[in-house]
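Just below is one structure, and these are the notes that go with it.
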Amino acid sequence: MTAKGHRALLLVILFIAAPLGAQQTTAENRIRQLESRMDDLTRQMGEIRQEIDQLKGQPAAPQPQPAPSLTDVQTISNTPSPGASKVFNPDISVIGNIIGKAGQANPFELGDDIRQPLRLEESEFAFQAFIDPYAKASFFLAVNQEGIEVEEGFAQFVTLPHDLTAKVGKFKAAFGKDNTWHAHVRPWVDQPLVIHNLFGDEGFADHGISVSKSINNPWNAFIEATGEVTNGDVENIFERSSFNDLAYNGHLKVFRDISENSNVEVGTSYARGSLGDVHSQFGGVDVTYRWKPLEGGLYNSFIARLEAITNRRGDADERLNGFYASADYQLGRRWFTGLRLDSSDRFVDGAIPNDRGVSATLTFWPSEFSQVRGQLRRTRYGDARTVNEILFQLQFSIGAHGAHVF
Amino acid sequence: MKRIAFFLAVITLTGANLFSADALKVVTTTEDLASLTREVGGDRVEVTSIARGYQDPHAVEAKPSFLLLLKKANLLEVVGLELEIGWLPPLLDQSRNNNIRPGATGYLDVSQGVEILDRPAGAINRSMGDVHPLGNPHYWLDPANAVRIAIQVRNRLAKLRPADAAYFDQRLNSFKVRINDANKRWLAAMAPFKEAKIVTYHNSWPNFTRHFGLNVVEHVEPKPGIPPSPSHTLQVINTVKREGIRAIVMEPYFDRKTPQSIAERTGAKVVVLYPSVGGKAGLDDYFKLFDYNINELVKALK
């Protein structure tokens with residue numbers, strides 16, 4: 001480095017060092033101020049200590065706790081639950097349905113099968129989740145000794161305009177009340193005769209499209225009209241023989257509160273489809289009356305139901321008619337009892353015998369998620385035979401808490 | 001021509017005024033939310049509750065008549081934490097009102113902004129009864145949470161009706177002052193019973209009892225949602241005797257038989273407290289609900 005360079009470096013150092021020196025002086029002043037302040041505080045602390053020592057002999061007066069002011073309360077932002085990562089999994093539930101039978105043999109129901117005293121009749125697997133903001137998917141798989149069957153599997157469009165909703169897929173037809181229920185929802189172990197005889201064990205469920213519209217009205221009633229078009233191939237009900245053989249179903253429901261504690265629902269249904277070379281038409285009426293006091297509704301309630309169905313088959317000379325009427329009363333928080341009267345024509349090789357029956361049920365709910373039911377059933381099959389049976393049912397559900405059925 | 005123009009202008013202005021004066025239609029799942037919404041919304045809201053105050057809010061029936069309410073609602077307020085899981089989802093699916101679906105501005109789950117107790121810490125299953133996996137949903141029974149609910153309601157109403165935001169602010173502030181005064185009165189009435197031990201029928205009161213310093217040592221239900229069993233009732237009787245408990249608190253919609261039986265064997269008193277506004281005639285708002293409940297508790301614990 002040259003002499004010129006040394007001088008330049010010295011100048012730079014001087015420039016930097018000058019402010020540092022000033023800063024050092026300021027810091028020393030600050031330290032002196034703090035030391036002085038500390039001395040003051042030490043003195044004050046000594047005085048306070050003396051005062052405390054003087055007060056120590058006296059009992060401390062209780063200080064009332066001031067109520068926290070609610071005017072300063074702010075909302076809390078709750079953190080997501082640990083299971084938040086799983087929220088997109090569908091709601092899954094499994095319902096077990098174990099059926100026991102005792103009493104006289106019933107060849108009309110079982111055919112040539114030998115009755116099993118107790119068996120897991122069916123397990124229903126339900127999966128439900130929103131697909132996107134527009135639709136919800138539901139799958140109900142029935143697993144039984146015959147295998148796995150998709151009982152229902154559909155997308156439900158719940159955000160349509162003009163008060164519409166729609167279902168596309170396989171679903172239980174909106175015909176009457178009983179046909180729309182899954183096994184675990186029925187207030188009986190079995191199907192009413194009219195459903196068994198006219199729709200068969202699996203009921204009226206088909207692949208197609210269903211559209212429902214809520215209808216505004218001045219009577220403060222909920223009115224809903226449903227129209228459905230389905231493939232028209234349903235065991236025991238419709239049999240399509242050409243591409244255009246579709247089945248059609250329509251249902252009109254009117255619901256109205258009678259009072260805060262009671263309400264009535266009336267429905268009417270009509271379905272039409274092919275049966276090979278001929279047509280088959282169904283007409284139905286259903287009436288439901290419910291009483292459930294809001295305050296004591298956990299312990300007592302009452303439901304009366306009537307459902308009548310008529311069927312005109314192209315291959316039968318006469319209409320087939322049937323109905324059931326039932327009443328269910330809740331005895332206590334866990335106990336229910338019910339009575340059901342049945343009557344239904346049955347189509348057997350061109351003949352139409354009339355079956356009649358009466359059933360009494362007693363149901364116990366250990367909890368919301370399980371139930372035990374006994375049913376005494378007496379059935380007169382045409383003029384052939386009367387069968388007396390005791391039916392037993394244990395049902396339970398695990399998984400997601402589904403909505404209560406109304 | 002001028003007359004026609006004037007006439008049209010009058011109609012337009014009148015129509016516009018009528019429209020702006022239309023009250024927001026708010027549907028709440030419980031009467032408590034309805035009461036707090038009225039406090040904030042005043043005459044700018046028309047509030048209807050689905051559940052009645054004397055009804056178990058877990059066990060409401062999903063009646064189609066509720067769809068008529070939901071269809072026309074501008075705002076749906078829910079308690080959340082699965083309190084309404086047994087009946088609200090099917091109603092929402094059939095409501096045909098996209099404005100009140102979860103995620104929409106017209107859907108307000110007030111549990112998002114309140115203090116929640118009894119959140120399960122570990123794994124839970126149904127052997128524990130009908131447990132609420134997201135925490136205890138009876139949180140509205142803490143006056144501080146009432147304020148938190150009111151704040152959320154104010155914010156949502158203001159979002160839906162910005163022109164009335166100042167009005168909602170003024171009502172919220174007035175509510176805060178009044179509930180603060182009332183809270184001081186309630187706390188003072190309950191102060192002599194700090195840490196008093198009580199039994200409740202269902203676990204509906206954790207927020208209430210914590211706020212007022214009560215100590216719940218036992219429930220009449222052996223597990224949430226499970227009716228009392230003889231062996232558990234005997235256990236409760238022994239606890240009440242041993243701890244010198246003076247009050248068995250129950251909701252109006254449960255059967256009085258078991259609590260009464262416990263009371264007769266122990267000398268404790270059955271106190272029917274109302275968990276919701278409208279639980280009985282006269283309990284028309286949140287303030288009257290607390291006035292009544294505090295008064296009944298004080299009488300029983302004296």
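Letters A, B, ... mark the chains of the structure tokens in the order given; residue numbers begin at 1 per chain; ligand numbers begin at 1, in order shown.
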
Interface list for chain A, partner chain B, 9 Å threshold, only C-alpha atoms, as a PyMOL selection string: chain A and resi 66-79+81+136+156-165+214+216+220-223+255-257+263+293-299+333-334+366-369+398+401-406

task: Find the residues near A:Phe336: any atom within 6 Å, counting only C-alpha atoms, skip ones fewer than 6 places away on the same chain, and give them as an MDAnalysis selection string.
output: chainID A and resid 329:330 362:363

message: Residues within 8 Å of stretch 97-106 of chain A, please, as a ChimeraX atom specification. Count only C-alpha atoms; anything in the same chain fewer than 5 positions from it doesn't count.
response: /A:111,115-123,184,189,387-396

field: Picked from stretch 186-293 of chain B by DSSP as strand (DSSP E), as a PyMOL selection string
entry: chain B and resi 197-200+215-219+247-250+269-272

Would you mind exporting the chosen residues as a short mmCIF file (atom, residue, chain, number, x, y, z; two decimals), in the first residue's frame, restricted to all heavy atoms?
```cif
data_model
loop_
_atom_site.label_atom_id
_atom_site.label_comp_id
_atom_site.auth_asym_id
_atom_site.auth_seq_id
_atom_site.Cartn_x
_atom_site.Cartn_y
_atom_site.Cartn_z
N LYS B 197 -71.72 -28.60 45.29
CA LYS B 197 -71.77 -29.81 44.47
C LYS B 197 -73.22 -30.08 44.06
O LYS B 197 -74.12 -29.97 44.89
CB LYS B 197 -71.21 -30.99 45.26
CG LYS B 197 -69.72 -30.85 45.50
CD LYS B 197 -69.19 -31.96 46.37
CE LYS B 197 -67.68 -31.81 46.54
NZ LYS B 197 -67.15 -32.72 47.54
N ILE B 198 -73.41 -30.42 42.81
CA ILE B 198 -74.76 -30.76 42.34
C ILE B 198 -74.69 -32.01 41.46
O ILE B 198 -73.62 -32.44 41.04
CB ILE B 198 -75.41 -29.60 41.53
CG1 ILE B 198 -74.59 -29.29 40.27
CG2 ILE B 198 -75.56 -28.35 42.38
CD1 ILE B 198 -75.32 -28.40 39.29
N VAL B 199 -75.88 -32.56 41.20
CA VAL B 199 -76.03 -33.66 40.25
C VAL B 199 -76.89 -33.14 39.11
O VAL B 199 -77.84 -32.40 39.35
CB VAL B 199 -76.71 -34.87 40.92
CG1 VAL B 199 -77.18 -35.90 39.90
CG2 VAL B 199 -75.77 -35.53 41.92
N THR B 200 -76.55 -33.48 37.87
CA THR B 200 -77.43 -33.11 36.75
C THR B 200 -77.89 -34.38 36.05
O THR B 200 -77.22 -35.41 36.11
CB THR B 200 -76.73 -32.18 35.74
OG1 THR B 200 -75.70 -32.91 35.06
CG2 THR B 200 -76.15 -30.96 36.41
N ASN B 215 -70.08 -27.33 41.02
CA ASN B 215 -69.28 -28.53 40.81
C ASN B 215 -70.21 -29.72 40.54
O ASN B 215 -70.89 -30.20 41.45
CB ASN B 215 -68.44 -28.77 42.08
CG ASN B 215 -67.51 -29.94 41.94
OD1 ASN B 215 -67.42 -30.55 40.87
ND2 ASN B 215 -66.82 -30.26 43.02
N VAL B 216 -70.27 -30.17 39.31
CA VAL B 216 -71.14 -31.31 38.96
C VAL B 216 -70.38 -32.60 39.27
O VAL B 216 -69.34 -32.88 38.66
CB VAL B 216 -71.53 -31.28 37.46
CG1 VAL B 216 -72.43 -32.46 37.12
CG2 VAL B 216 -72.21 -29.98 37.11
N VAL B 217 -70.90 -33.36 40.22
CA VAL B 217 -70.16 -34.56 40.63
C VAL B 217 -70.72 -35.84 40.02
O VAL B 217 -70.07 -36.88 40.05
CB VAL B 217 -70.13 -34.71 42.18
CG1 VAL B 217 -69.35 -33.58 42.80
CG2 VAL B 217 -71.53 -34.75 42.75
N GLU B 218 -71.93 -35.76 39.47
CA GLU B 218 -72.55 -37.00 38.96
C GLU B 218 -73.68 -36.64 38.01
O GLU B 218 -74.24 -35.54 38.08
CB GLU B 218 -73.09 -37.81 40.16
CG GLU B 218 -73.56 -39.20 39.86
CD GLU B 218 -72.46 -40.15 39.40
OE1 GLU B 218 -72.20 -40.19 38.20
OE2 GLU B 218 -71.88 -40.84 40.27
N HIS B 219 -74.01 -37.58 37.12
CA HIS B 219 -75.17 -37.41 36.24
C HIS B 219 -76.16 -38.54 36.53
O HIS B 219 -75.75 -39.66 36.85
CB HIS B 219 -74.77 -37.46 34.77
CG HIS B 219 -73.76 -36.42 34.39
ND1 HIS B 219 -74.03 -35.08 34.41
CD2 HIS B 219 -72.47 -36.53 34.00
CE1 HIS B 219 -72.97 -34.40 34.04
NE2 HIS B 219 -71.99 -35.26 33.81
N ALA B 247 -78.93 -30.35 45.38
CA ALA B 247 -79.76 -30.11 44.18
C ALA B 247 -79.48 -31.13 43.09
O ALA B 247 -78.31 -31.44 42.79
CB ALA B 247 -79.49 -28.71 43.66
N ILE B 248 -80.57 -31.65 42.53
CA ILE B 248 -80.47 -32.52 41.35
C ILE B 248 -81.11 -31.73 40.21
O ILE B 248 -82.32 -31.50 40.18
CB ILE B 248 -81.22 -33.84 41.57
CG1 ILE B 248 -80.62 -34.57 42.78
CG2 ILE B 248 -81.17 -34.71 40.33
CD1 ILE B 248 -81.51 -35.66 43.32
N VAL B 249 -80.28 -31.30 39.30
CA VAL B 249 -80.74 -30.42 38.22
C VAL B 249 -81.16 -31.27 37.03
O VAL B 249 -80.44 -32.18 36.62
CB VAL B 249 -79.61 -29.45 37.81
CG1 VAL B 249 -79.97 -28.69 36.54
CG2 VAL B 249 -79.31 -28.48 38.94
N MET B 250 -82.34 -30.99 36.50
CA MET B 250 -82.79 -31.74 35.32
C MET B 250 -83.51 -30.82 34.33
O MET B 250 -83.97 -29.74 34.68
CB MET B 250 -83.70 -32.89 35.72
CG MET B 250 -85.01 -32.47 36.34
SD MET B 250 -86.11 -33.88 36.59
CE MET B 250 -86.50 -34.33 34.90
N LYS B 269 -83.07 -31.76 46.55
CA LYS B 269 -84.23 -31.21 45.84
C LYS B 269 -84.04 -31.39 44.34
O LYS B 269 -82.93 -31.22 43.83
CB LYS B 269 -84.37 -29.71 46.13
CG LYS B 269 -84.89 -29.38 47.49
CD LYS B 269 -85.01 -27.87 47.61
CE LYS B 269 -85.22 -27.50 49.08
NZ LYS B 269 -84.96 -26.09 49.34
N VAL B 270 -85.14 -31.71 43.67
CA VAL B 270 -85.10 -31.75 42.21
C VAL B 270 -85.35 -30.33 41.71
O VAL B 270 -86.35 -29.70 42.07
CB VAL B 270 -86.17 -32.70 41.64
CG1 VAL B 270 -86.18 -32.64 40.12
CG2 VAL B 270 -85.92 -34.12 42.11
N VAL B 271 -84.44 -29.83 40.92
CA VAL B 271 -84.58 -28.47 40.38
C VAL B 271 -84.71 -28.59 38.86
O VAL B 271 -83.79 -29.05 38.20
CB VAL B 271 -83.34 -27.61 40.69
CG1 VAL B 271 -83.62 -26.15 40.37
CG2 VAL B 271 -82.91 -27.77 42.12
N VAL B 272 -85.87 -28.21 38.35
CA VAL B 272 -86.04 -28.22 36.89
C VAL B 272 -85.53 -26.88 36.37
O VAL B 272 -86.13 -25.84 36.61
CB VAL B 272 -87.51 -28.45 36.49
CG1 VAL B 272 -87.66 -28.38 34.97
CG2 VAL B 272 -88.00 -29.79 37.01
#
```

For A:Ala351: contacts at 12 Å, only C-alpha atoms, fewer than 5 positions along chain excluded, given as a list in words: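 Answer for this query is Asp315, Ala316, Asp317, Glu318, Arg319, Leu320, Asp345, Arg346 and Gly382 of chain A.
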
- request: Quick one: pull the distance between atom CA of A:Pro353 and atom CA of A:Ala174, Å, one decimal.
  value: 27.2 Å

- request: Considering only C-alpha atoms, return as a ChimeraX atom specification whatever protein or nucleic-acid residues lie within 6 Å of stretch 203-207 of chain B, sequence-local ones (same chain, fewer than 2 positions apart) excluded.
  value: /B:138-139,141-142,209-210

- prompt: Mind pulling up the distance from atom CA of B:Phe212 to atom CA of B:Ala300?
  reply: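 Between atom CA of B:Ala300 and atom CA of B:Phe212 the gap is 14.8 Å.
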
task: Provide the atom CA of A:His251 to atom CA of A:His279 distance in Å, to one decimal place.
output: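 So the answer is 19.3 Å.
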
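When only C-alpha atoms are used to compute distances to B:Leu33, the closest of the residues B:Ser276, B:Pro120, B:Thr233, B:Tyr292 turns out to be B:Ser276.
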
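The protein and nucleic acid residues lying at most 12 Å from A:Gly153 are Phe125, Ala126, Phe127, Gln128, Ala129, Lys136, Ala137, Ser138, Phe139, Phe140, Leu141, Ala142, Glu149, Val150, Gln156, Lys167, Val168, Gly169, Lys170, Phe171, Lys172, Ala205, Asp206, His207, Gly208 and Ile209 of chain A, with only C-alpha atoms considered and sequence neighbours fewer than 3 positions away removed.
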
Same residues, N, CA and C atoms, output as an mmCIF file, in the first residue's frame:
```
data_model
loop_
_atom_site.group_PDB
_atom_site.id
_atom_site.type_symbol
_atom_site.label_atom_id
_atom_site.label_comp_id
_atom_site.auth_asym_id
_atom_site.auth_seq_id
_atom_site.Cartn_x
_atom_site.Cartn_y
_atom_site.Cartn_z
ATOM 1 N N PHE A 125 -74.771 -51.723 4.094
ATOM 2 C CA PHE A 125 -73.637 -50.807 4.154
ATOM 3 C C PHE A 125 -74.065 -49.506 3.471
ATOM 4 N N ALA A 126 -73.982 -48.432 4.191
ATOM 5 C CA ALA A 126 -74.397 -47.139 3.630
ATOM 6 C C ALA A 126 -73.196 -46.209 3.536
ATOM 7 N N PHE A 127 -73.055 -45.575 2.407
ATOM 8 C CA PHE A 127 -71.989 -44.587 2.166
ATOM 9 C C PHE A 127 -72.662 -43.324 1.633
ATOM 10 N N GLN A 128 -72.406 -42.213 2.285
ATOM 11 C CA GLN A 128 -73.023 -40.976 1.825
ATOM 12 C C GLN A 128 -72.039 -39.815 1.946
ATOM 13 N N ALA A 129 -71.978 -39.010 0.906
ATOM 14 C CA ALA A 129 -71.109 -37.822 0.937
ATOM 15 C C ALA A 129 -71.520 -36.873 -0.177
ATOM 16 N N LYS A 136 -75.161 -34.844 -4.018
ATOM 17 C CA LYS A 136 -74.789 -35.731 -2.919
ATOM 18 C C LYS A 136 -74.932 -37.170 -3.422
ATOM 19 N N ALA A 137 -74.000 -38.026 -3.058
ATOM 20 C CA ALA A 137 -74.071 -39.422 -3.497
ATOM 21 C C ALA A 137 -74.452 -40.308 -2.325
ATOM 22 N N SER A 138 -75.277 -41.288 -2.590
ATOM 23 C CA SER A 138 -75.680 -42.254 -1.564
ATOM 24 C C SER A 138 -75.614 -43.652 -2.152
ATOM 25 N N PHE A 139 -74.997 -44.541 -1.412
ATOM 26 C CA PHE A 139 -74.960 -45.942 -1.806
ATOM 27 C C PHE A 139 -75.428 -46.790 -0.627
ATOM 28 N N PHE A 140 -76.337 -47.694 -0.900
ATOM 29 C CA PHE A 140 -76.806 -48.640 0.116
ATOM 30 C C PHE A 140 -76.612 -50.039 -0.454
ATOM 31 N N LEU A 141 -75.659 -50.751 0.100
ATOM 32 C CA LEU A 141 -75.368 -52.091 -0.383
ATOM 33 C C LEU A 141 -75.950 -53.099 0.590
ATOM 34 N N ALA A 142 -76.726 -54.022 0.049
ATOM 35 C CA ALA A 142 -77.304 -55.073 0.898
ATOM 36 C C ALA A 142 -76.473 -56.332 0.717
ATOM 37 N N GLU A 149 -75.812 -56.818 -3.186
ATOM 38 C CA GLU A 149 -76.675 -56.152 -4.153
ATOM 39 C C GLU A 149 -76.697 -54.659 -3.848
ATOM 40 N N VAL A 150 -76.660 -53.863 -4.909
ATOM 41 C CA VAL A 150 -76.808 -52.422 -4.702
ATOM 42 C C VAL A 150 -78.303 -52.150 -4.530
ATOM 43 N N GLN A 156 -77.895 -37.346 -5.870
ATOM 44 C CA GLN A 156 -79.067 -36.500 -5.588
ATOM 45 C C GLN A 156 -78.659 -35.047 -5.803
ATOM 46 N N LYS A 167 -82.914 -37.167 -8.522
ATOM 47 C CA LYS A 167 -82.065 -38.315 -8.226
ATOM 48 C C LYS A 167 -81.808 -39.051 -9.536
ATOM 49 N N VAL A 168 -80.593 -39.503 -9.731
ATOM 50 C CA VAL A 168 -80.280 -40.309 -10.901
ATOM 51 C C VAL A 168 -79.491 -41.516 -10.426
ATOM 52 N N GLY A 169 -79.918 -42.698 -10.829
ATOM 53 C CA GLY A 169 -79.231 -43.907 -10.414
ATOM 54 C C GLY A 169 -80.251 -44.993 -10.134
ATOM 55 N N LYS A 170 -79.905 -45.856 -9.193
ATOM 56 C CA LYS A 170 -80.877 -46.870 -8.768
ATOM 57 C C LYS A 170 -81.457 -46.430 -7.426
ATOM 58 N N PHE A 171 -82.762 -46.420 -7.343
ATOM 59 C CA PHE A 171 -83.394 -45.947 -6.108
ATOM 60 C C PHE A 171 -84.730 -46.644 -5.904
ATOM 61 N N LYS A 172 -85.205 -46.590 -4.668
ATOM 62 C CA LYS A 172 -86.524 -47.108 -4.343
ATOM 63 C C LYS A 172 -87.552 -46.118 -4.885
ATOM 64 N N ALA A 205 -87.815 -51.072 -6.830
ATOM 65 C CA ALA A 205 -86.608 -50.247 -6.942
ATOM 66 C C ALA A 205 -86.045 -50.450 -8.338
ATOM 67 N N ASP A 206 -85.649 -49.380 -8.984
ATOM 68 C CA ASP A 206 -85.217 -49.511 -10.377
ATOM 69 C C ASP A 206 -84.198 -48.421 -10.710
ATOM 70 N N HIS A 207 -83.598 -48.555 -11.869
ATOM 71 C CA HIS A 207 -82.617 -47.573 -12.348
ATOM 72 C C HIS A 207 -83.342 -46.504 -13.157
ATOM 73 N N GLY A 208 -83.074 -45.269 -12.884
ATOM 74 C CA GLY A 208 -83.752 -44.231 -13.650
ATOM 75 C C GLY A 208 -83.491 -42.851 -13.101
ATOM 76 N N ILE A 209 -84.442 -41.978 -13.340
ATOM 77 C CA ILE A 209 -84.324 -40.589 -12.886
ATOM 78 C C ILE A 209 -85.600 -40.190 -12.143
#
```

query: Excluding same-chain residues fewer than 6 positions from A:His196, what lies within 10 Å of it counting only C-alpha atoms, as a list of chain:residue names?
result: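 The filter keeps A:Glu109, A:Asp190, A:Glu202, A:Gly203, A:Asn236, A:Ser344, A:Arg346.
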